[in-house]
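Structure below is my_file25.cif: mmCIF, C-alpha atoms.
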```
data_my_file
loop_
_atom_site.label_atom_id
_atom_site.label_comp_id
_atom_site.auth_asym_id
_atom_site.auth_seq_id
_atom_site.Cartn_x
_atom_site.Cartn_y
_atom_site.Cartn_z
CA MET A 23 12.33 8.44 11.53
CA ARG A 24 15.47 6.35 11.20
CA GLN A 25 16.91 5.74 7.76
CA PRO A 26 17.98 2.14 7.16
CA GLU A 27 21.29 0.79 6.00
CA THR A 28 20.94 -1.07 2.68
CA LEU A 29 22.77 -4.21 1.62
CA PHE A 30 22.54 -5.91 -1.78
CA PHE A 31 23.42 -9.59 -2.12
CA PRO A 32 24.14 -11.54 -5.30
CA ALA A 33 23.19 -15.22 -5.40
CA SER A 34 25.23 -17.22 -2.87
CA GLU A 35 25.73 -20.90 -3.67
CA TRP A 36 22.16 -22.30 -3.64
CA VAL A 37 20.54 -19.21 -2.03
CA PRO A 38 19.05 -16.94 -4.72
CA ASN A 39 18.77 -13.69 -2.70
CA HIS A 40 16.65 -11.00 -4.33
CA PRO A 41 17.71 -9.91 -7.83
CA PHE A 42 17.24 -6.16 -7.21
CA LEU A 43 15.80 -5.28 -3.76
CA PRO A 44 18.20 -4.54 -0.89
CA VAL A 45 18.01 -5.78 2.69
CA LEU A 46 17.06 -2.89 4.98
CA ILE A 47 18.64 -2.63 8.44
CA TYR A 48 17.13 -0.16 10.89
CA ARG A 49 19.45 0.23 13.89
CA GLY A 50 18.12 1.15 17.34
CA VAL A 51 14.56 1.99 16.34
CA LEU A 52 13.28 0.94 19.79
CA GLY A 53 15.55 2.13 22.58
CA PRO A 54 15.89 0.95 26.17
CA GLU A 55 13.12 3.32 27.26
CA VAL A 56 10.63 0.98 25.54
CA GLY A 57 9.67 -1.51 28.24
CA ASP A 58 8.10 -4.25 26.10
CA ARG A 59 9.82 -4.17 22.72
CA ALA A 60 8.04 -7.30 21.50
CA HIS A 61 4.64 -5.67 22.00
CA ALA A 62 5.94 -2.40 20.49
CA PHE A 63 7.19 -4.18 17.34
CA GLU A 64 3.90 -6.07 17.03
CA SER A 65 1.97 -2.80 17.27
CA LEU A 66 4.19 -1.07 14.71
CA PHE A 67 3.88 -3.95 12.25
CA TYR A 68 0.09 -4.29 12.63
CA ASP A 69 -0.42 -0.51 12.47
CA SER A 70 1.58 -0.48 9.22
CA GLY A 71 -0.65 -3.18 7.73
CA TRP A 72 1.77 -6.10 7.98
CA GLU A 73 0.29 -9.51 8.84
CA GLY A 74 1.12 -12.97 10.14
CA VAL A 75 3.02 -11.44 13.05
CA TRP A 76 4.86 -14.00 15.18
CA ARG A 77 7.33 -14.24 18.10
CA ASN A 78 10.25 -16.65 18.10
CA GLY A 79 13.87 -16.50 16.95
CA VAL A 80 15.79 -17.04 13.73
CA PHE A 81 16.46 -20.60 12.60
CA SER A 82 20.03 -21.85 12.97
CA TYR A 83 20.02 -23.20 9.41
CA GLN A 84 20.26 -21.23 6.17
CA HIS A 85 16.87 -20.65 4.57
CA TYR A 86 14.92 -18.14 2.50
CA HIS A 87 11.32 -17.43 1.52
CA VAL A 88 9.90 -17.47 -2.01
CA GLY A 89 6.39 -16.19 -1.27
CA ALA A 90 7.03 -13.32 1.13
CA HIS A 91 9.21 -10.44 2.13
CA GLU A 92 9.88 -10.61 5.90
CA VAL A 93 10.40 -8.14 8.72
CA LEU A 94 12.45 -9.16 11.79
CA GLY A 95 12.24 -6.91 14.85
CA ILE A 96 14.85 -7.78 17.48
CA ALA A 97 12.83 -7.52 20.69
CA GLU A 98 15.29 -8.92 23.24
CA GLY A 99 18.93 -9.97 23.42
CA LYS A 100 21.49 -9.94 20.68
CA ALA A 101 22.64 -12.28 17.94
CA GLU A 102 24.98 -12.79 15.05
CA LEU A 103 23.02 -13.48 11.87
CA LEU A 104 24.34 -14.59 8.50
CA ILE A 105 22.38 -12.66 5.87
CA GLY A 106 22.65 -13.29 2.14
CA GLY A 107 23.39 -17.02 2.07
CA PRO A 108 26.54 -19.03 2.78
CA GLU A 109 28.75 -16.35 1.21
CA GLY A 110 26.75 -13.49 2.72
CA THR A 111 27.52 -11.04 5.51
CA SER A 112 27.60 -11.65 9.24
CA LEU A 113 25.52 -9.01 11.06
CA ASP A 114 25.46 -8.30 14.76
CA VAL A 115 21.95 -7.30 15.83
CA GLU A 116 20.62 -6.28 19.21
CA ALA A 117 17.36 -5.41 20.92
CA GLY A 118 15.74 -2.48 19.14
CA ASP A 119 17.13 -3.26 15.67
CA CYS A 120 14.88 -4.25 12.76
CA LEU A 121 15.63 -5.93 9.42
CA VAL A 122 13.47 -6.18 6.31
CA LEU A 123 14.47 -9.07 4.07
CA PRO A 124 13.20 -9.17 0.49
CA ALA A 125 11.97 -12.55 -0.72
CA GLY A 126 14.80 -14.91 -1.64
CA THR A 127 17.22 -13.49 0.94
CA GLY A 128 19.10 -16.17 2.83
CA HIS A 129 19.28 -15.86 6.59
CA ARG A 130 20.29 -17.90 9.62
CA ARG A 131 21.33 -17.45 13.24
CA LEU A 132 25.01 -18.10 13.94
CA SER A 133 24.82 -17.34 17.67
CA ALA A 134 22.51 -15.62 20.13
CA SER A 135 22.34 -14.49 23.72
CA ASP A 136 19.99 -16.10 26.22
CA GLY A 137 16.52 -14.67 25.81
CA PHE A 138 17.02 -13.69 22.16
CA LEU A 139 13.53 -12.86 20.86
CA VAL A 140 12.41 -11.79 17.40
CA VAL A 141 9.04 -10.47 16.26
CA GLY A 142 8.43 -11.12 12.58
CA GLY A 143 5.76 -10.53 9.99
CA TYR A 144 4.88 -10.27 6.30
CA PRO A 145 3.16 -7.85 3.92
CA PRO A 146 -0.57 -8.40 3.36
CA GLY A 147 -1.37 -11.40 1.19
CA GLN A 148 2.16 -12.81 1.34
CA HIS A 149 2.94 -16.09 3.08
CA ALA A 150 6.35 -17.38 4.11
CA ASP A 151 7.51 -20.77 3.04
CA ILE A 152 10.81 -22.18 4.28
CA GLU A 153 13.19 -23.08 1.48
CA THR A 154 16.46 -24.93 2.11
CA ALA A 155 17.42 -25.89 -1.44
CA ALA A 156 18.15 -24.10 -4.70
CA ALA A 157 15.24 -22.20 -6.22
CA THR A 158 13.61 -23.54 -9.36
CA PRO A 159 13.27 -21.25 -12.40
CA GLY A 160 9.60 -20.79 -11.47
CA GLU A 161 10.48 -19.81 -7.90
CA LEU A 162 13.04 -17.28 -9.16
CA LYS A 163 10.25 -15.67 -11.23
CA ILE A 164 7.98 -15.52 -8.17
CA ILE A 165 10.71 -13.88 -6.08
CA ALA A 166 11.39 -11.23 -8.74
CA ALA A 167 7.69 -10.52 -9.33
CA LEU A 168 6.54 -10.38 -5.69
CA PRO A 169 5.01 -6.94 -5.15
CA VAL A 170 6.76 -4.29 -3.10
CA PRO A 171 4.74 -3.83 0.12
CA GLY A 172 2.41 -0.85 0.30
CA SER A 173 3.95 0.28 3.58
CA ASP A 174 7.14 0.27 5.61
CA PRO A 175 6.65 -2.09 8.59
CA LEU A 176 7.86 0.57 11.05
CA TYR A 177 6.70 3.88 9.58
CA GLY A 178 3.74 3.00 7.38
CA ARG A 179 3.15 4.68 4.02
CA ALA A 180 5.64 7.48 4.77
CA GLY A 181 8.52 5.11 5.54
CA PRO A 182 11.77 4.73 3.63
CA LEU A 183 11.05 1.18 2.40
CA LEU A 184 8.66 2.52 -0.23
CA THR A 185 11.18 4.95 -1.68
CA LEU A 186 14.15 2.58 -1.49
CA TRP A 187 12.41 -0.51 -2.83
CA ASN A 188 10.36 1.25 -5.51
CA ARG A 189 13.51 3.01 -6.75
CA SER A 190 15.35 -0.36 -6.85
CA ALA A 191 12.44 -2.04 -8.62
CA ARG A 192 12.52 0.61 -11.39
CA SER A 193 16.29 0.45 -11.93
#
```

Could you write out this file's structure as structure tokens?
Amino acid sequence: MRQPETLFFPASEWVPNHPFLPVLIYRGVLGPEVGDRAHAFESLFYDSGWEGVWRNGVFSYQHYHVGAHEVLGIAEGKAELLIGGPEGTSLDVEAGDCLVLPAGTGHRRLSASDGFLVVGGYPPGQHADIETAAATPGELKIIAALPVPGSDPLYGRAGPLLTLWNRSARS
């Protein structure tokens, strides 16, 4: 089981980011020996109880979600993503990497290779909206109160997300 990197982001211009949960970055969880990484990510996410699984990319404009945490499994190619809003951090990701973004976390694609493919999903009962403007006070409350998922999207109930996010939520 790979342990993720963690990154905390304060609010960045109009992007709220999450007030206490870190972004989780799992590097190289699916290696080159995995023939169909998109299918493998879908299976991992579904087996871990995550829903609304989709295949696409990452939008080229800055956005965040109020109503859902989001997992992004990089199935093919590589990209440079800006995570944490306009003043956030540029991350290079490649096939086999996986990110878990808590609600409110800004993200956008800065560049990508041909064939860049992402598999995404959400915890049960959560639904992604696409926000491109400052959060209202009510939306900030929703982001802060959104429940921590009951499972890690890669490793299920034994995964590091539960420990890392529950510890952050209690701090």

* **Residues returned when the PyMOL selection byres ((chain A and resi 157) around 10) runs on this file, as an NGL selection string** => :A and (36-39 or 86-88 or 126 or 153-156 or 158-163 or 165)

* Matched chain/residue IDs from the PyMOL selection byres ((chain A and resi 27-34) around 9), as number ranges by chain -> A: 25-26, 35-49, 105-111, 127-128, 186

* Residue list as a VMD selection string for point (2.4, 3.8, 14.5), cut-off 12 Å, only C-alpha atoms -> chain A and resid 23 62 to 72 173 to 181

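Separating CA of Glu92 (chain A) from CA of Tyr144 (chain A) is a distance of 5.0 Å.
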
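Between Arg59 (chain A) and the candidates A:Ser82, A:Pro169, A:Glu98, A:Pro182, the tightest atom-to-atom separation, counting all atoms listed in the file, involves A:Glu98.
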
* Asked: So which residues touch Gly74 (chain A) within 9 Å, counting all atoms listed in the file, skipping near sequence neighbours fewer than 3 positions away, as a count of residues only?
  -> 7

Could you work out an axis-aligned box for region 127-133 of chain A, taking every atom the file lists and adding 8 Å on each side, and report centre and edge lengths in Å to one decimal, as AutoDock Vina command-line options?
```
--center_x 21.1 --center_y -15.8 --center_z 9.3 --size_x 23.8 --size_y 20.6 --size_z 32.7
```

* Structure fact -> With distances taken over all atoms listed in the file, the candidate from A:Gly147, A:Gly99, A:Gly89, A:Gly172 nearest Asp119 (chain A) is A:Gly99

* Structure fact -> In Å and to one decimal, CA of Ala191 (chain A) is distant from CA of Tyr83 (chain A) by 28.8 Å

* **Selection under test: the PyMOL selection byres ((chain A and resi 52) around 10); residues as a PyMOL selection string** => chain A and resi 48-51+53-60+62-63+95-97+117-120

File of the preceding selection, C-alpha atoms, as an mmCIF file, in the frame of the given file:
```cif
data_model
loop_
_atom_site.group_PDB
_atom_site.id
_atom_site.type_symbol
_atom_site.label_atom_id
_atom_site.label_comp_id
_atom_site.auth_asym_id
_atom_site.auth_seq_id
_atom_site.Cartn_x
_atom_site.Cartn_y
_atom_site.Cartn_z
ATOM 1 C CA TYR A 48 17.130 -0.160 10.890
ATOM 2 C CA ARG A 49 19.450 0.230 13.890
ATOM 3 C CA GLY A 50 18.120 1.150 17.340
ATOM 4 C CA VAL A 51 14.560 1.990 16.340
ATOM 5 C CA GLY A 53 15.550 2.130 22.580
ATOM 6 C CA PRO A 54 15.890 0.950 26.170
ATOM 7 C CA GLU A 55 13.120 3.320 27.260
ATOM 8 C CA VAL A 56 10.630 0.980 25.540
ATOM 9 C CA GLY A 57 9.670 -1.510 28.240
ATOM 10 C CA ASP A 58 8.100 -4.250 26.100
ATOM 11 C CA ARG A 59 9.820 -4.170 22.720
ATOM 12 C CA ALA A 60 8.040 -7.300 21.500
ATOM 13 C CA ALA A 62 5.940 -2.400 20.490
ATOM 14 C CA PHE A 63 7.190 -4.180 17.340
ATOM 15 C CA GLY A 95 12.240 -6.910 14.850
ATOM 16 C CA ILE A 96 14.850 -7.780 17.480
ATOM 17 C CA ALA A 97 12.830 -7.520 20.690
ATOM 18 C CA ALA A 117 17.360 -5.410 20.920
ATOM 19 C CA GLY A 118 15.740 -2.480 19.140
ATOM 20 C CA ASP A 119 17.130 -3.260 15.670
ATOM 21 C CA CYS A 120 14.880 -4.250 12.760
#
```

* Skip Asp136 (chain A) itself and residues of its chain fewer than 2 positions away, then list as a list in words all residues within 12 Å of it, counting all atoms listed in the file. => Gly79, Glu98, Gly99, Lys100, Ala101, Ser133, Ala134, Phe138 and Leu139 of chain A

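Each of A:Arg131, A:Arg77, A:His85, A:His91 was compared to Leu168 (chain A) using all atoms listed in the file, and A:His91 turns out to be the nearest.
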
* CA of Ala167 (chain A) and CA of Leu104 (chain A), how far apart in Å? -> 24.7 Å

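Ranking A:Pro124, A:Asp114, A:His61, A:Ala90 by their shortest atom-to-atom distance to Glu73 (chain A), with all atoms listed in the file included, puts A:Ala90 first.
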
* To do: Between A:Leu94, A:Val80, A:Ala125, A:Val140, single out the one closest to Ile164 (chain A), counting only C-alpha atoms.
  => A:Ala125

* To do: Could you check which of A:Leu103, A:Val141, A:Val93, A:Ala150 is closest to Leu121 (chain A), using all atoms listed in the file?
  => A:Val93
